>>> print(open('start_29.cif').read())   # mmCIF, C-alpha atoms
data_query
loop_
_atom_site.label_atom_id
_atom_site.label_comp_id
_atom_site.auth_asym_id
_atom_site.auth_seq_id
_atom_site.Cartn_x
_atom_site.Cartn_y
_atom_site.Cartn_z
CA MET A 1 -30.33 -53.53 24.31
CA LEU A 2 -32.69 -54.51 21.50
CA GLY A 3 -32.85 -57.66 19.41
CA VAL A 4 -34.89 -57.72 16.20
CA ASP A 5 -35.93 -60.80 14.22
CA GLY A 6 -37.39 -59.68 10.91
CA GLY A 7 -38.91 -62.05 8.39
CA GLY A 8 -41.26 -62.23 5.47
CA THR A 9 -44.30 -62.74 7.71
CA LYS A 10 -43.67 -60.78 10.89
CA THR A 11 -41.07 -58.91 12.91
CA ALA A 12 -40.31 -59.62 16.57
CA CYS A 13 -38.31 -57.45 18.96
CA VAL A 14 -37.11 -58.05 22.52
CA ALA A 15 -35.77 -55.45 24.93
CA ILE A 16 -33.07 -56.98 27.11
CA ALA A 17 -31.47 -55.73 30.32
CA PRO A 18 -27.67 -55.92 30.80
CA SER A 19 -28.33 -58.96 33.02
CA GLY A 20 -29.91 -60.79 30.07
CA GLU A 21 -33.45 -60.50 31.42
CA ILE A 22 -36.13 -59.87 28.80
CA LEU A 23 -37.93 -56.65 29.72
CA GLY A 24 -40.44 -56.49 26.89
CA ARG A 25 -41.55 -57.91 23.56
CA GLY A 26 -43.15 -56.38 20.50
CA GLU A 27 -44.30 -57.49 17.08
CA GLY A 28 -44.73 -55.83 13.72
CA GLY A 29 -45.49 -56.80 10.15
CA PRO A 30 -43.06 -58.26 7.60
CA SER A 31 -39.66 -56.57 7.32
CA ASN A 32 -37.93 -58.35 4.44
CA TYR A 33 -37.19 -55.17 2.51
CA GLN A 34 -36.60 -57.17 -0.66
CA SER A 35 -40.31 -58.04 -0.77
CA VAL A 36 -42.09 -55.21 1.09
CA GLY A 37 -39.76 -52.28 0.39
CA VAL A 38 -37.54 -50.24 2.69
CA GLU A 39 -40.26 -47.90 4.00
CA ALA A 40 -42.62 -50.71 4.99
CA ALA A 41 -39.77 -52.69 6.54
CA GLU A 42 -38.72 -49.71 8.66
CA ALA A 43 -42.30 -49.16 9.80
CA ALA A 44 -42.61 -52.82 10.84
CA ILE A 45 -39.33 -52.71 12.78
CA ALA A 46 -40.34 -49.44 14.46
CA HIS A 47 -43.69 -50.92 15.50
CA ALA A 48 -42.00 -53.99 16.96
CA ILE A 49 -39.47 -51.84 18.86
CA SER A 50 -42.24 -49.61 20.24
CA GLY A 51 -44.06 -52.67 21.53
CA ALA A 52 -40.93 -54.03 23.19
CA LEU A 53 -40.23 -50.71 24.88
CA ALA A 54 -43.81 -50.15 26.11
CA GLY A 55 -43.72 -50.07 29.88
CA VAL A 56 -39.92 -50.30 29.99
CA PHE A 57 -38.07 -47.65 31.97
CA GLU A 58 -37.34 -44.48 30.03
CA GLY A 59 -33.62 -45.14 29.73
CA ARG A 60 -31.39 -45.00 26.70
CA ILE A 61 -31.01 -47.84 24.25
CA GLY A 62 -27.44 -49.08 24.46
CA ALA A 63 -27.24 -51.34 21.41
CA ILE A 64 -29.30 -53.09 18.75
CA GLY A 65 -28.89 -56.33 16.86
CA LEU A 66 -30.96 -57.12 13.80
CA GLY A 67 -31.34 -60.43 12.03
CA LEU A 68 -33.35 -59.93 8.86
CA ALA A 69 -34.49 -62.12 6.00
CA GLY A 70 -33.23 -60.86 2.67
CA VAL A 71 -29.95 -59.53 4.06
CA GLY A 72 -27.15 -61.47 2.43
CA ARG A 73 -24.95 -59.01 0.55
CA SER A 74 -22.83 -55.98 1.45
CA ARG A 75 -25.37 -53.75 -0.31
CA ASP A 76 -28.09 -55.10 1.99
CA LEU A 77 -26.04 -54.16 5.04
CA GLU A 78 -25.73 -50.60 3.75
CA VAL A 79 -29.49 -50.38 3.26
CA ILE A 80 -30.24 -51.63 6.78
CA ARG A 81 -27.62 -49.41 8.41
CA ALA A 82 -29.27 -46.42 6.75
CA SER A 83 -32.63 -47.68 8.05
CA VAL A 84 -31.27 -47.89 11.61
CA ASP A 85 -30.02 -44.32 11.32
CA ARG A 86 -33.51 -43.20 10.33
CA LEU A 87 -35.12 -45.30 13.07
CA GLN A 88 -33.06 -43.47 15.68
CA GLN A 89 -34.54 -40.18 14.47
CA ARG A 90 -38.17 -41.26 14.62
CA PRO A 91 -40.16 -38.98 16.96
CA GLU A 92 -41.73 -41.85 18.93
CA PHE A 93 -38.30 -42.76 20.30
CA GLY A 94 -37.31 -39.23 21.29
CA ASP A 95 -33.64 -39.05 22.19
CA ARG A 96 -33.43 -42.55 23.64
CA TRP A 97 -30.62 -43.64 21.35
CA GLN A 98 -27.77 -42.45 19.21
CA LEU A 99 -25.67 -45.50 18.58
CA SER A 100 -22.13 -45.75 17.28
CA PRO A 101 -21.48 -48.36 14.55
CA ASP A 102 -19.95 -50.81 17.04
CA LYS A 103 -23.27 -50.89 18.92
CA ILE A 104 -25.21 -51.98 15.82
CA ALA A 105 -25.04 -55.59 14.59
CA ILE A 106 -26.79 -56.69 11.39
CA ALA A 107 -27.00 -60.26 10.12
CA HIS A 108 -29.26 -62.57 8.16
CA ASP A 109 -31.99 -64.59 9.86
CA CYS A 110 -30.02 -67.86 9.94
CA ALA A 111 -27.24 -66.24 11.97
CA ILE A 112 -29.59 -65.13 14.74
CA ALA A 113 -31.37 -68.50 14.70
CA LEU A 114 -28.00 -70.11 15.43
CA THR A 115 -26.92 -67.54 18.02
CA GLY A 116 -30.24 -67.60 19.82
CA GLY A 117 -30.66 -71.35 19.57
CA VAL A 118 -27.21 -72.25 20.87
CA GLY A 119 -26.79 -69.17 23.06
CA ALA A 120 -23.50 -68.43 21.29
CA ASN A 121 -22.34 -67.80 17.75
CA VAL A 122 -20.58 -71.16 17.33
CA GLY A 123 -22.33 -74.33 16.20
CA VAL A 124 -24.84 -75.43 13.60
CA ALA A 125 -28.51 -74.58 13.17
CA THR A 126 -30.51 -77.10 11.17
CA ILE A 127 -33.82 -75.45 10.35
CA ALA A 128 -36.76 -77.51 9.13
CA GLY A 129 -39.92 -75.47 9.04
CA THR A 130 -41.89 -74.64 5.92
CA GLY A 131 -38.48 -74.58 4.25
CA ALA A 132 -35.16 -76.13 5.27
CA ILE A 133 -31.61 -74.85 5.61
CA ALA A 134 -28.49 -75.59 7.63
CA TYR A 135 -26.12 -72.84 8.77
CA GLY A 136 -22.99 -72.97 10.90
CA ARG A 137 -20.15 -70.90 12.30
CA ASN A 138 -16.94 -72.11 13.90
CA ARG A 139 -14.68 -70.60 16.56
CA HIS A 140 -12.57 -68.85 13.92
CA GLY A 141 -15.55 -67.01 12.45
CA ALA A 142 -15.83 -69.11 9.29
CA THR A 143 -19.41 -69.76 8.19
CA ARG A 144 -21.14 -72.23 5.91
CA ARG A 145 -24.70 -72.81 4.71
CA SER A 146 -26.42 -75.60 2.81
CA SER A 147 -29.89 -76.16 1.34
CA GLY A 148 -32.44 -73.35 1.58
CA TRP A 149 -33.06 -73.23 -2.18
CA GLY A 150 -36.81 -72.83 -1.80
CA TYR A 151 -39.69 -75.21 -2.32
CA LEU A 152 -39.24 -75.51 -6.10
CA LEU A 153 -35.51 -76.23 -6.15
CA GLY A 154 -34.90 -77.86 -2.80
CA ASP A 155 -35.80 -77.49 0.90
CA GLU A 156 -35.54 -81.27 1.24
CA GLY A 157 -36.59 -82.50 4.65
CA SER A 158 -38.79 -79.49 5.33
CA ALA A 159 -42.41 -79.71 6.44
CA TYR A 160 -43.45 -78.81 2.90
CA TRP A 161 -41.25 -81.56 1.45
CA ILE A 162 -42.63 -84.12 3.92
CA ALA A 163 -46.25 -83.14 3.29
CA LEU A 164 -45.82 -83.15 -0.50
CA ALA A 165 -44.13 -86.56 -0.36
CA GLY A 166 -47.08 -87.79 1.68
CA LEU A 167 -49.64 -86.45 -0.78
CA ARG A 168 -47.76 -87.96 -3.70
CA ALA A 169 -47.60 -91.33 -1.93
CA ALA A 170 -51.34 -91.15 -1.26
CA VAL A 171 -52.30 -90.56 -4.90
CA ARG A 172 -49.84 -93.16 -6.18
CA ALA A 173 -51.40 -95.72 -3.83
CA GLU A 174 -54.87 -94.64 -4.95
CA ASP A 175 -53.87 -95.44 -8.54
CA GLY A 176 -52.23 -98.74 -7.65
CA ARG A 177 -48.81 -97.46 -8.71
CA SER A 178 -47.43 -97.88 -5.19
CA PRO A 179 -48.22 -100.05 -2.16
CA ALA A 180 -51.30 -99.20 -0.12
CA THR A 181 -50.74 -96.66 2.65
CA ALA A 182 -52.79 -95.20 5.47
CA LEU A 183 -51.88 -91.78 4.08
CA THR A 184 -54.58 -92.07 1.41
CA GLU A 185 -57.47 -92.25 3.83
CA ALA A 186 -55.80 -89.93 6.33
CA PHE A 187 -55.51 -87.12 3.79
CA ARG A 188 -59.03 -87.73 2.47
CA GLN A 189 -60.54 -87.48 5.95
CA HIS A 190 -58.44 -84.54 7.09
CA LEU A 191 -59.21 -82.51 3.97
CA GLU A 192 -62.87 -83.57 4.11
CA LEU A 193 -62.86 -84.85 0.54
CA ASP A 194 -65.52 -87.12 -0.95
CA ASN A 195 -62.72 -88.87 -2.83
CA LEU A 196 -59.04 -88.30 -3.48
CA GLN A 197 -59.76 -87.01 -6.99
CA SER A 198 -60.99 -83.82 -5.31
CA LEU A 199 -57.36 -83.06 -4.48
CA ILE A 200 -56.96 -81.78 -8.03
CA GLU A 201 -59.41 -78.96 -7.48
CA LEU A 202 -58.06 -78.22 -4.02
CA VAL A 203 -54.42 -78.04 -5.07
CA TYR A 204 -54.67 -76.56 -8.56
CA ARG A 205 -57.85 -74.51 -8.72
CA ARG A 206 -58.06 -73.25 -5.16
CA GLY A 207 -54.29 -73.07 -4.97
CA LEU A 208 -53.12 -74.38 -1.61
CA THR A 209 -50.19 -72.22 -0.51
CA VAL A 210 -46.79 -73.59 0.41
CA LYS A 211 -47.53 -72.97 4.10
CA GLU A 212 -50.90 -74.68 3.86
CA ILE A 213 -49.35 -77.75 2.28
CA ALA A 214 -46.51 -77.75 4.84
CA ALA A 215 -49.03 -77.88 7.68
CA HIS A 216 -50.02 -81.38 6.52
CA ALA A 217 -46.63 -82.82 7.48
CA ALA A 218 -48.32 -83.68 10.79
CA ILE A 219 -50.50 -86.22 8.95
CA VAL A 220 -47.43 -88.04 7.68
CA ASP A 221 -46.02 -88.07 11.21
CA ARG A 222 -49.28 -89.43 12.65
CA CYS A 223 -49.40 -92.26 10.12
CA ALA A 224 -45.75 -93.04 10.79
CA ARG A 225 -46.40 -93.23 14.54
CA ASN A 226 -49.19 -95.68 13.75
CA GLY A 227 -46.70 -97.88 11.92
CA ASP A 228 -47.43 -97.05 8.27
CA ALA A 229 -44.38 -98.17 6.28
CA ILE A 230 -44.72 -95.52 3.56
CA ALA A 231 -44.99 -92.67 6.06
CA LEU A 232 -42.02 -94.04 8.00
CA ASP A 233 -39.99 -94.16 4.80
CA ILE A 234 -40.82 -90.51 4.07
CA LEU A 235 -39.57 -89.44 7.50
CA ASP A 236 -36.45 -91.59 7.08
CA ARG A 237 -35.69 -89.85 3.79
CA ALA A 238 -36.38 -86.44 5.35
CA ALA A 239 -33.92 -87.22 8.16
CA ASP A 240 -31.32 -88.29 5.58
CA GLU A 241 -31.76 -85.04 3.63
CA LEU A 242 -31.46 -82.88 6.74
CA LEU A 243 -28.36 -84.82 7.74
CA LEU A 244 -26.82 -84.23 4.30
CA ALA A 245 -27.32 -80.47 4.69
CA THR A 246 -25.99 -80.54 8.25
CA ARG A 247 -22.91 -82.53 7.26
CA ALA A 248 -22.19 -80.17 4.37
CA VAL A 249 -22.03 -77.41 6.96
CA PHE A 250 -20.12 -78.96 9.87
CA ALA A 251 -17.57 -81.03 7.92
CA PRO A 252 -15.54 -78.04 6.68
CA LEU A 253 -16.03 -76.03 9.89
CA PHE A 254 -15.18 -78.46 12.69
CA ASN A 255 -12.48 -81.06 13.23
CA PRO A 256 -13.69 -84.69 13.55
CA ASP A 257 -12.89 -84.73 17.29
CA GLU A 258 -14.13 -81.20 18.00
CA PRO A 259 -17.32 -80.90 20.09
CA PHE A 260 -20.08 -78.67 18.73
CA GLU A 261 -23.84 -78.29 19.12
CA VAL A 262 -26.53 -78.68 16.49
CA VAL A 263 -29.72 -76.83 17.32
CA THR A 264 -32.89 -78.10 15.63
CA ILE A 265 -35.34 -75.32 14.78
CA GLY A 266 -38.71 -75.40 13.02
CA GLY A 267 -42.03 -77.17 13.06
CA ALA A 268 -40.93 -80.31 11.22
CA TRP A 269 -38.88 -81.26 14.28
CA LYS A 270 -42.08 -81.78 16.24
CA SER A 271 -41.96 -85.25 14.72
CA GLN A 272 -40.13 -87.34 17.31
CA ILE A 273 -39.53 -90.02 14.70
CA LEU A 274 -37.80 -87.52 12.40
CA ARG A 275 -35.66 -86.11 15.21
CA ASP A 276 -34.72 -89.55 16.57
CA ARG A 277 -33.65 -90.74 13.11
CA PHE A 278 -31.63 -87.57 12.59
CA CYS A 279 -29.90 -87.81 15.97
CA GLN A 280 -29.04 -91.49 15.54
CA ASN A 281 -27.57 -90.96 12.08
CA LEU A 282 -25.70 -87.80 13.08
CA HIS A 283 -24.06 -89.58 16.02
CA GLN A 284 -22.65 -92.19 13.66
CA ILE A 285 -20.78 -89.63 11.57
CA ALA A 286 -20.16 -86.93 14.22
CA PRO A 287 -19.88 -88.56 17.65
CA PHE A 288 -18.79 -85.29 19.26
CA ALA A 289 -21.87 -83.39 18.09
CA SER A 290 -24.73 -82.73 20.51
CA VAL A 291 -28.28 -82.09 19.26
CA ILE A 292 -30.21 -79.55 21.31
CA TRP A 293 -33.50 -77.67 21.29
CA PRO A 294 -33.28 -73.85 21.00
CA ARG A 295 -32.18 -72.16 24.22
CA HIS A 296 -33.46 -68.75 23.15
CA GLU A 297 -35.62 -67.24 20.43
CA PRO A 298 -33.99 -65.69 17.32
CA ALA A 299 -34.73 -62.13 18.45
CA TYR A 300 -32.72 -62.82 21.61
CA GLY A 301 -29.97 -64.16 19.38
CA ALA A 302 -30.00 -60.89 17.45
CA ALA A 303 -29.27 -59.01 20.68
CA LEU A 304 -26.45 -61.45 21.51
CA LEU A 305 -24.81 -60.56 18.19
CA VAL A 306 -23.89 -57.16 19.60
CA LEU A 307 -21.97 -58.85 22.42
CA SER A 308 -20.07 -61.31 20.19
#
>>> encode(input="start_29.cif", output="structure tokens")
Amino acid sequence: MLGVDGGGTKTACVAIAPSGEILGRGEGGPSNYQSVGVEAAEAAIAHAISGALAGVFEGRIGAIGLGLAGVGRSRDLEVIRASVDRLQQRPEFGDRWQLSPDKIAIAHDCAIALTGGVGANVGVATIAGTGAIAYGRNRHGATRRSSGWGYLLGDEGSAYWIALAGLRAAVRAEDGRSPATALTEAFRQHLELDNLQSLIELVYRRGLTVKEIAAHAAIVDRCARNGDAIALDILDRAADELLLATRAVFAPLFNPDEPFEVVTIGGAWKSQILRDRFCQNLHQIAPFASVIWPRHEPAYGAALLVLS
């Protein structure tokens, strides 16, 4: 059985035995067909599958689950099903598979993050990486999502949002428009700037990418751990925003006394302060919810989709 996690940066595949043991892993390039095109997406998925199957016994592939960014409409499912049909005919795979429709599962990337993270397709995944989104599914198959509008319109609580809030606090303090904060000197030193005015060239002329800005969320966390009030406030607000998205998902899906798990996924959760604040606040409004770390990777979750 194969599980494929395809995103805008890379594609991961795991080959899994019937026992659940991972037999092999492979990686390929981006496979969001909306951005790279169908042909390039298929090539990336094929490369990842080949890597996962390298060294694995020459048996037949029994099923495949794919969780792909950019797959959110019925038309997208048609496109990917056609891609899977072509993948099965690729010469590098010989006659190792010829799957019936019930052995092919296709979903968006949030669904496999939830399924892999919880180890089942029921619960909530609150993702806070470069972007932020919450996604959930209940025992009746109903789903809900919140946030995930991208860095211009939303993604509140994400690493990008935290880092940008930190940079804004630093320049406001530099001007005297806000209270002094350790963030000002922390950003200046980390970015090796002669003065904070140099941020203008760095951000606007050199064009720091969203991912590059998001990476600086760690500076906000470090200042917060050192007791900086402004940094602590930023993480408090981030926790509140992530809780809002999570609540918008679980409230319509689960009864108030119904136990469910919330899996926290993404680099922003490396901040223990952020996670502690989130857990404390969640427990107040959903005492039967349990916050967990991911049990499995998303590619593994994609394979589990075939079994659900």
>>> residues_around(input="start_29.cif", residues="Phe93 of chain A", least_positions_apart="6", cutoff="10 Å", atoms="all atoms listed in the file", output="list in words")
Ala46, Ile49, Ser50, Leu53, Glu58, Arg60, Ile61 and Leu87 of chain A
>>> residues_around(input="start_29.cif", residues="Leu235 of chain A", least_positions_apart="6", cutoff="9 Å", atoms="only C-alpha atoms", output="list in words")
Gly157, Ile162, Val220, Asp221, Ala224, Ser271, Ile273, Leu274 and Arg277 of chain A
>>> closest_residue(input="start_29.cif", among="A:Arg144, A:His47, A:Lys10, A:Lys211", to="Ala159 of chain A", atoms="only C-alpha atoms")
A:Lys211
>>> resolve_selection(input="start_29.cif", expression="the PyMOL selection byres ((chain A and resi 55) around 12)", output="PDB file with C-alpha atoms, keeping the file's coordinate frame")
ATOM      1  CA  ALA A  15     -35.770 -55.450  24.930  1.00  0.00           C
ATOM      2  CA  LEU A  23     -37.930 -56.650  29.720  1.00  0.00           C
ATOM      3  CA  GLY A  24     -40.440 -56.490  26.890  1.00  0.00           C
ATOM      4  CA  ARG A  25     -41.550 -57.910  23.560  1.00  0.00           C
ATOM      5  CA  GLY A  26     -43.150 -56.380  20.500  1.00  0.00           C
ATOM      6  CA  ILE A  49     -39.470 -51.840  18.860  1.00  0.00           C
ATOM      7  CA  SER A  50     -42.240 -49.610  20.240  1.00  0.00           C
ATOM      8  CA  GLY A  51     -44.060 -52.670  21.530  1.00  0.00           C
ATOM      9  CA  ALA A  52     -40.930 -54.030  23.190  1.00  0.00           C
ATOM     10  CA  LEU A  53     -40.230 -50.710  24.880  1.00  0.00           C
ATOM     11  CA  ALA A  54     -43.810 -50.150  26.110  1.00  0.00           C
ATOM     12  CA  VAL A  56     -39.920 -50.300  29.990  1.00  0.00           C
ATOM     13  CA  PHE A  57     -38.070 -47.650  31.970  1.00  0.00           C
ATOM     14  CA  GLU A  58     -37.340 -44.480  30.030  1.00  0.00           C
ATOM     15  CA  GLY A  59     -33.620 -45.140  29.730  1.00  0.00           C
TER      16      GLY A  59
END
>>> residues_around(input="start_29.cif", residues="Ala302 of chain A", least_positions_apart="3", cutoff="10 Å", atoms="all atoms listed in the file", output="short mmCIF file (atom, residue, chain, number, x, y, z; two decimals) with C-alpha atoms, in the coordinates of the input")
data_model
loop_
_atom_site.label_atom_id
_atom_site.label_comp_id
_atom_site.auth_asym_id
_atom_site.auth_seq_id
_atom_site.Cartn_x
_atom_site.Cartn_y
_atom_site.Cartn_z
CA LEU A 2 -32.69 -54.51 21.50
CA GLY A 3 -32.85 -57.66 19.41
CA VAL A 4 -34.89 -57.72 16.20
CA ASP A 5 -35.93 -60.80 14.22
CA GLY A 6 -37.39 -59.68 10.91
CA CYS A 13 -38.31 -57.45 18.96
CA VAL A 14 -37.11 -58.05 22.52
CA ILE A 64 -29.30 -53.09 18.75
CA GLY A 65 -28.89 -56.33 16.86
CA LEU A 66 -30.96 -57.12 13.80
CA GLY A 67 -31.34 -60.43 12.03
CA LEU A 68 -33.35 -59.93 8.86
CA ALA A 105 -25.04 -55.59 14.59
CA ILE A 106 -26.79 -56.69 11.39
CA ALA A 107 -27.00 -60.26 10.12
CA HIS A 108 -29.26 -62.57 8.16
CA ASP A 109 -31.99 -64.59 9.86
CA ALA A 111 -27.24 -66.24 11.97
CA ILE A 112 -29.59 -65.13 14.74
CA ALA A 113 -31.37 -68.50 14.70
CA LEU A 114 -28.00 -70.11 15.43
CA THR A 115 -26.92 -67.54 18.02
CA GLY A 116 -30.24 -67.60 19.82
CA GLU A 297 -35.62 -67.24 20.43
CA PRO A 298 -33.99 -65.69 17.32
CA ALA A 299 -34.73 -62.13 18.45
CA LEU A 305 -24.81 -60.56 18.19
CA VAL A 306 -23.89 -57.16 19.60
CA LEU A 307 -21.97 -58.85 22.42
#
>>> atom_distance(input="start_29.cif", atom1="atom CA of His190 of chain A", atom2="atom CA of Val171 of chain A")
14.8 Å
>>> resolve_selection(input="start_29.cif", expression="the PyMOL selection byres ((chain A and resi 33) around 9)", output="list in words")
Gly8, Pro30, Ser31, Asn32, Gln34, Ser35, Val36, Gly37, Val38, Glu39, Ala40, Ala41, Glu42, Leu68, Ala69, Gly70, Val71 and Ile80 of chain A
>>> closest_atom_pairs(input="start_29.cif", of="segment 123-217 of chain A", to="segment 225-234 of chain A", cutoff="7 Å", atoms="all atoms listed in the file", output="Markdown table")
| residue | atom | partner | partner_atom | distance |
| --- | --- | --- | --- | --- |
| A:Ile162 | CA | A:Ile234 | CA | 6.6 |
| A:Ala165 | CA | A:Ile234 | CA | 6.8 |
| A:Gly166 | CA | A:Ala231 | CA | 6.9 |
| A:Thr181 | CA | A:Ile230 | CA | 6.2 |
| A:Ala182 | CA | A:Asp228 | CA | 6.3 |
>>> write_last_selection(input="start_29.cif", atoms="C-alpha atoms", output="tab-separated table (two decimals), in the frame of the given file")
chain	number	residue	atom	x	y	z
A	162	ILE	CA	-42.63	-84.12	3.92
A	165	ALA	CA	-44.13	-86.56	-0.36
A	166	GLY	CA	-47.08	-87.79	1.68
A	181	THR	CA	-50.74	-96.66	2.65
A	182	ALA	CA	-52.79	-95.20	5.47
>>> atom_distance(input="start_29.cif", atom1="atom CA of Gly301 of chain A", atom2="atom CA of Asp102 of chain A")
16.9 Å
>>> closest_residue(input="start_29.cif", among="A:Thr9, A:Thr126, A:Ser147, A:Ser83", to="Trp269 of chain A", atoms="all atoms listed in the file")
A:Thr126
>>> closest_atom_pairs(input="start_29.cif", of="segment 94-132 of chain A", to="segment 240-246 of chain A", cutoff="9 Å", atoms="only C-alpha atoms", output="tab-separated table")
residue	atom	partner	partner_atom	distance
A:Val124	CA	A:Thr246	CA	7.5
A:Ala125	CA	A:Thr246	CA	8.1
A:Thr126	CA	A:Thr246	CA	6.4
A:Ile127	CA	A:Leu242	CA	8.6
A:Ala128	CA	A:Leu242	CA	7.9
A:Ala132	CA	A:Leu242	CA	7.8
>>> residues_around(input="start_29.cif", residues="Glu258 of chain A", least_positions_apart="6", cutoff="12 Å", atoms="only C-alpha atoms", output="MDAnalysis selection string")
chainID A and resid 122:123 138:139 250:252 286:290
>>> decode(input="start_29.cif", residues="segment 198-262 of chain A", atoms="C-alpha atoms", output="PDB file, in the first residue's frame")
ATOM      1  CA  SER A 198      18.187  48.505   7.161  1.00  0.00           C
ATOM      2  CA  LEU A 199      15.073  46.351   7.463  1.00  0.00           C
ATOM      3  CA  ILE A 200      13.523  48.455   4.710  1.00  0.00           C
ATOM      4  CA  GLU A 201      16.079  47.325   2.163  1.00  0.00           C
ATOM      5  CA  LEU A 202      15.992  43.744   3.403  1.00  0.00           C
ATOM      6  CA  VAL A 203      12.220  43.407   3.293  1.00  0.00           C
ATOM      7  CA  TYR A 204      11.307  45.561   0.299  1.00  0.00           C
ATOM      8  CA  ARG A 205      14.295  45.610  -2.030  1.00  0.00           C
ATOM      9  CA  ARG A 206      15.720  42.159  -1.441  1.00  0.00           C
ATOM     10  CA  GLY A 207      12.242  40.771  -0.927  1.00  0.00           C
ATOM     11  CA  LEU A 208      12.239  38.363   2.006  1.00  0.00           C
ATOM     12  CA  THR A 209       9.906  35.503   1.124  1.00  0.00           C
ATOM     13  CA  VAL A 210       6.981  34.426   3.269  1.00  0.00           C
ATOM     14  CA  LYS A 211       8.942  31.356   4.395  1.00  0.00           C
ATOM     15  CA  GLU A 212      11.995  33.430   5.234  1.00  0.00           C
ATOM     16  CA  ILE A 213       9.928  35.787   7.359  1.00  0.00           C
ATOM     17  CA  ALA A 214       8.127  32.862   9.028  1.00  0.00           C
ATOM     18  CA  ALA A 215      11.454  31.396  10.128  1.00  0.00           C
ATOM     19  CA  HIS A 216      11.913  34.397  12.443  1.00  0.00           C
ATOM     20  CA  ALA A 217       9.017  33.329  14.664  1.00  0.00           C
ATOM     21  CA  ALA A 218      11.702  31.595  16.737  1.00  0.00           C
ATOM     22  CA  ILE A 219      13.084  35.022  17.710  1.00  0.00           C
ATOM     23  CA  VAL A 220       9.721  36.043  19.133  1.00  0.00           C
ATOM     24  CA  ASP A 221       9.588  32.783  21.085  1.00  0.00           C
ATOM     25  CA  ARG A 222      13.111  33.285  22.451  1.00  0.00           C
ATOM     26  CA  CYS A 223      12.306  36.799  23.656  1.00  0.00           C
ATOM     27  CA  ALA A 224       9.081  35.547  25.210  1.00  0.00           C
ATOM     28  CA  ARG A 225      10.959  32.816  27.080  1.00  0.00           C
ATOM     29  CA  ASN A 226      13.261  35.526  28.390  1.00  0.00           C
ATOM     30  CA  GLY A 227      10.250  37.369  29.786  1.00  0.00           C
ATOM     31  CA  ASP A 228       9.725  40.120  27.194  1.00  0.00           C
ATOM     32  CA  ALA A 229       6.159  41.376  27.672  1.00  0.00           C
ATOM     33  CA  ILE A 230       5.616  42.339  24.016  1.00  0.00           C
ATOM     34  CA  ALA A 231       6.779  38.955  22.729  1.00  0.00           C
ATOM     35  CA  LEU A 232       4.607  37.179  25.294  1.00  0.00           C
ATOM     36  CA  ASP A 233       1.613  39.221  24.166  1.00  0.00           C
ATOM     37  CA  ILE A 234       2.227  38.215  20.539  1.00  0.00           C
ATOM     38  CA  LEU A 235       2.237  34.520  21.460  1.00  0.00           C
ATOM     39  CA  ASP A 236      -0.887  35.013  23.584  1.00  0.00           C
ATOM     40  CA  ARG A 237      -2.673  36.559  20.618  1.00  0.00           C
ATOM     41  CA  ALA A 238      -1.430  33.783  18.328  1.00  0.00           C
ATOM     42  CA  ALA A 239      -2.808  31.161  20.724  1.00  0.00           C
ATOM     43  CA  ASP A 240      -6.147  33.009  20.798  1.00  0.00           C
ATOM     44  CA  GLU A 241      -6.327  33.077  16.993  1.00  0.00           C
ATOM     45  CA  LEU A 242      -5.512  29.374  16.680  1.00  0.00           C
ATOM     46  CA  LEU A 243      -8.128  28.613  19.301  1.00  0.00           C
ATOM     47  CA  LEU A 244     -10.729  30.635  17.374  1.00  0.00           C
ATOM     48  CA  ALA A 245     -10.048  28.565  14.241  1.00  0.00           C
ATOM     49  CA  THR A 246     -10.094  25.326  16.220  1.00  0.00           C
ATOM     50  CA  ARG A 247     -13.371  26.206  17.932  1.00  0.00           C
ATOM     51  CA  ALA A 248     -14.977  27.127  14.611  1.00  0.00           C
ATOM     52  CA  VAL A 249     -14.192  23.588  13.508  1.00  0.00           C
ATOM     53  CA  PHE A 250     -15.035  21.447  16.536  1.00  0.00           C
ATOM     54  CA  ALA A 251     -18.140  23.296  17.774  1.00  0.00           C
ATOM     55  CA  PRO A 252     -20.410  22.177  14.900  1.00  0.00           C
ATOM     56  CA  LEU A 253     -18.813  18.711  14.647  1.00  0.00           C
ATOM     57  CA  PHE A 254     -18.722  17.418  18.218  1.00  0.00           C
ATOM     58  CA  ASN A 255     -21.141  17.488  21.135  1.00  0.00           C
ATOM     59  CA  PRO A 256     -19.978  19.428  24.236  1.00  0.00           C
ATOM     60  CA  ASP A 257     -19.459  16.181  26.201  1.00  0.00           C
ATOM     61  CA  GLU A 258     -17.982  14.195  23.302  1.00  0.00           C
ATOM     62  CA  PRO A 259     -14.271  13.322  23.566  1.00  0.00           C
ATOM     63  CA  PHE A 260     -12.077  14.121  20.562  1.00  0.00           C
ATOM     64  CA  GLU A 261      -8.402  14.748  19.845  1.00  0.00           C
ATOM     65  CA  VAL A 262      -6.770  17.887  18.509  1.00  0.00           C
TER      66      VAL A 262
END
